[in-house]
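Just below is one structure, and these are the notes that go with it.
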Amino acid sequence: MTTSTRENGEKKPIDIAELGQEGTAKVHDFGEAPDGGFRAWLVTIGASCIFFSALGFSNAFGVFEQYYLTHQLEGQSPDDVAWIGSLAMFLQFLSGNIGGPLFDRFGAWVIRPAAVLYVFSVMMTSLCNEYWQFMLAQGVLMGTVMGFLQFPAMAAVSQFFTKRRAAALGVVIAGSSVGGVVIPIALSKMLNGTSIGFGWSVRIIGFIMIPLLGFSCVAITTRLPPRTATFFIWHAFKEPKFLLLTFAFFSMLLGAFTPLFYIPTYAVSKGVDPTLASYLLAIINAASTFGRVIPGVLADKFGRLNIFSIGGFATGIVILCWVKVETTAALIVYSIVIGFASGTVVSGASAALTECSEDPRDLGSYIGMGMGISSFAALIGPPVNGVFISKYGGFLQVSIFSGVMVLVGAVIVLAAKATTSKGVLGRI
């Protein structure tokens, strides 16, 4: 855009050839992000519905694990069953390596076939009886498809927000918290309090997802033209801030989701009724709704990396206190606290990774690649903790390992801040 064009108040048409030149396009080439308005919030609500259905269902795995260990997979060890949930969590982040760049190149259409396959995976899970069947349907297929839903959704929302991006992403990921409240309670009630049985209990959840995902397919659109350069952004792996934030999220993932997997099992070991124990997951997810929205608002004001680091320190400390919680009342309070603290981890990581991209058309790739690499931690963490439980017969080693790993991640975020011009104490 020339000086004379600016003075005349006219906008120069965007040259399609220029769009293919990676790294040359800036935010002002496409106009400022609206940071609100009907279309922006419609996309946000659509993305939140995806997280309700996908990550919300994943957050309910503690209910599944408790049920599997006493029914279809009775006789399997806790770490064997945990592999199903950890594989799904691993693949949902790993497939973001493809889902994010696909969105940047082809737009929101990638969500539609993924939504159909996701509902299919839920229905297939309802038919499973053997370990390998659960591993394929709930682990491999469901986990893979979730990445093609969630990362395009986050990237689409990020295109519509700049100054309020962390808050918007907090609202999006809070959808998983709402799902993590509704789905565990509904599943627990149907599995333990009715004669519906496992198959129809899961299928009913699948039918609830259909209209939500259908709305998401219509509501989620793009604001920017696609990026036509290379599929992956290889130069990101030469950027210290991106690498450090990726390693920080990797470390946090090793321990941050441990309570979601093992709080019900821990509660039952302390004499809590199984139905009430499964409700603790709902309490965690209800609290994490506020833990994702409120820190998101604060992150836009005080710095996204600052809030991400503070959330990591808080989560790690709370996990280290886990084994000191022994009564039912204490477990309820603990679930509220860990839910709020851990709510900053995924939403904080996604907001922090958007700080690495100068071109808004690359947001999907940066979020997908960063979280995709970190996904190996989700594969390792729960089974390792399951081995600790099997070997030591308690949760002390679980709390120490998980808590320390989250704290290490928080320290690495500070190292990422040190690579920026504002330094460790800067507002970034």
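Chain identifiers are assigned as A, B, and so on, following the order in which chains appear in the structure tokens; residues are numbered from 1 within each chain, and ligands are numbered from 1 in order of appearance.
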Identify, on the basis of only C-alpha atoms, every residue whose closest approach to Ser390 in chain A does not exceed 8 Å; exclude the query and any residue fewer than 2 positions from it along the same chain; express the result as a list of chain:residue names. A:Ser77, A:Pro78, A:Asp79, A:Gly386, A:Val387, A:Phe388, A:Tyr392, A:Gly393, A:Gly394
Can you pull out every residue from range 174-357 of chain A that DSSP, working from the backbone, puts in helix (DSSP H, G or I), and format the result as number ranges by chain? A: 174-193, 198-219, 234-238, 240-256, 258-269, 274-302, 304-320, 322-324, 328-356
Could you list, as a ChimeraX atom specification, every residue within 9 Å of Cys217 in chain A, counting only C-alpha atoms and ignoring same-chain residues fewer than 4 positions away? /A:46,108-109,111-112,115,212-213,221
Taking 2 positions as the minimum chain separation for residues in the same chain, which residues sit within 7 Å of range 197-207 of chain A when counting only C-alpha atoms? Answer as a ChimeraX atom specification. /A:119,122-123,126-127,187,190-191,195,209-210
Can you pull out every residue within 10 Å of Ser58 in chain A, counting only C-alpha atoms, but drop anything in the same chain fewer than 6 positions away, and send it as number ranges by chain? A: 51-52, 64, 85-86, 88-89, 92, 138, 142-143, 146, 176, 179-180, 183-184, 260-261
Do you know which residues are at most 10 Å from Pro264 in chain A counting only C-alpha atoms, after dropping those on the same chain fewer than 4 positions away, and could you put them as an MDAnalysis selection string? chainID A and resid 62:63 65:66 259:260 268:270 272:281
For CA of Ala155 in chain A and CA of Ala167 in chain A, the interatomic separation in Å (one decimal):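 So the answer is 14.0 Å.
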Counting only C-alpha atoms, which residues in range 234-353 of chain A sit no more than 12 Å from range 150-153 of chain A? For each one, give the nearest pair of atoms and the distance in Å, sorted by chain then residue number, as JSON lines.
```
{"residue": "A:Val346", "atom": "CA", "partner": "A:Gln150", "partner_atom": "CA", "distance": 11.7}
{"residue": "A:Ser347", "atom": "CA", "partner": "A:Gln150", "partner_atom": "CA", "distance": 11.9}
{"residue": "A:Ser350", "atom": "CA", "partner": "A:Phe151", "partner_atom": "CA", "distance": 9.5}
```
Could you turn the residues from that selection into a file that holds all heavy atoms, as a short mmCIF file (atom, residue, chain, number, x, y, z; two decimals), in the first residue's frame?
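Output file result-v1.cif is given in full below:
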```cif
data_model
loop_
_atom_site.label_atom_id
_atom_site.label_comp_id
_atom_site.auth_asym_id
_atom_site.auth_seq_id
_atom_site.Cartn_x
_atom_site.Cartn_y
_atom_site.Cartn_z
N VAL A 346 -4.62 -25.56 29.13
CA VAL A 346 -4.86 -25.66 27.69
C VAL A 346 -5.20 -24.31 27.09
O VAL A 346 -4.64 -23.92 26.05
CB VAL A 346 -6.00 -26.67 27.41
CG1 VAL A 346 -6.34 -26.68 25.92
CG2 VAL A 346 -5.60 -28.06 27.86
N SER A 347 -6.10 -23.55 27.74
CA SER A 347 -6.45 -22.24 27.19
C SER A 347 -5.25 -21.30 27.25
O SER A 347 -5.02 -20.51 26.32
CB SER A 347 -7.62 -21.63 27.98
OG SER A 347 -7.30 -21.49 29.35
N SER A 350 -2.77 -22.30 24.36
CA SER A 350 -3.23 -21.88 23.02
C SER A 350 -3.07 -20.38 22.84
O SER A 350 -2.64 -19.91 21.77
CB SER A 350 -4.69 -22.30 22.81
OG SER A 350 -5.53 -21.74 23.79
#
```
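Residues in contact range of Glu326 in chain A, defined as at most 12 Å between only C-alpha atoms, with sequence neighbours fewer than 4 positions away removed, read Ile263, Tyr266, Ala267, Val268, Ser269, Lys270, Gly271, Val272, Cys321, Trp322, Ala330, Leu331, Ile332, Val333, Tyr334 and Phe395 of chain A.
As for CA of Ser251 in chain A and CA of Val178 in chain A, they are spaced 25.5 Å apart.
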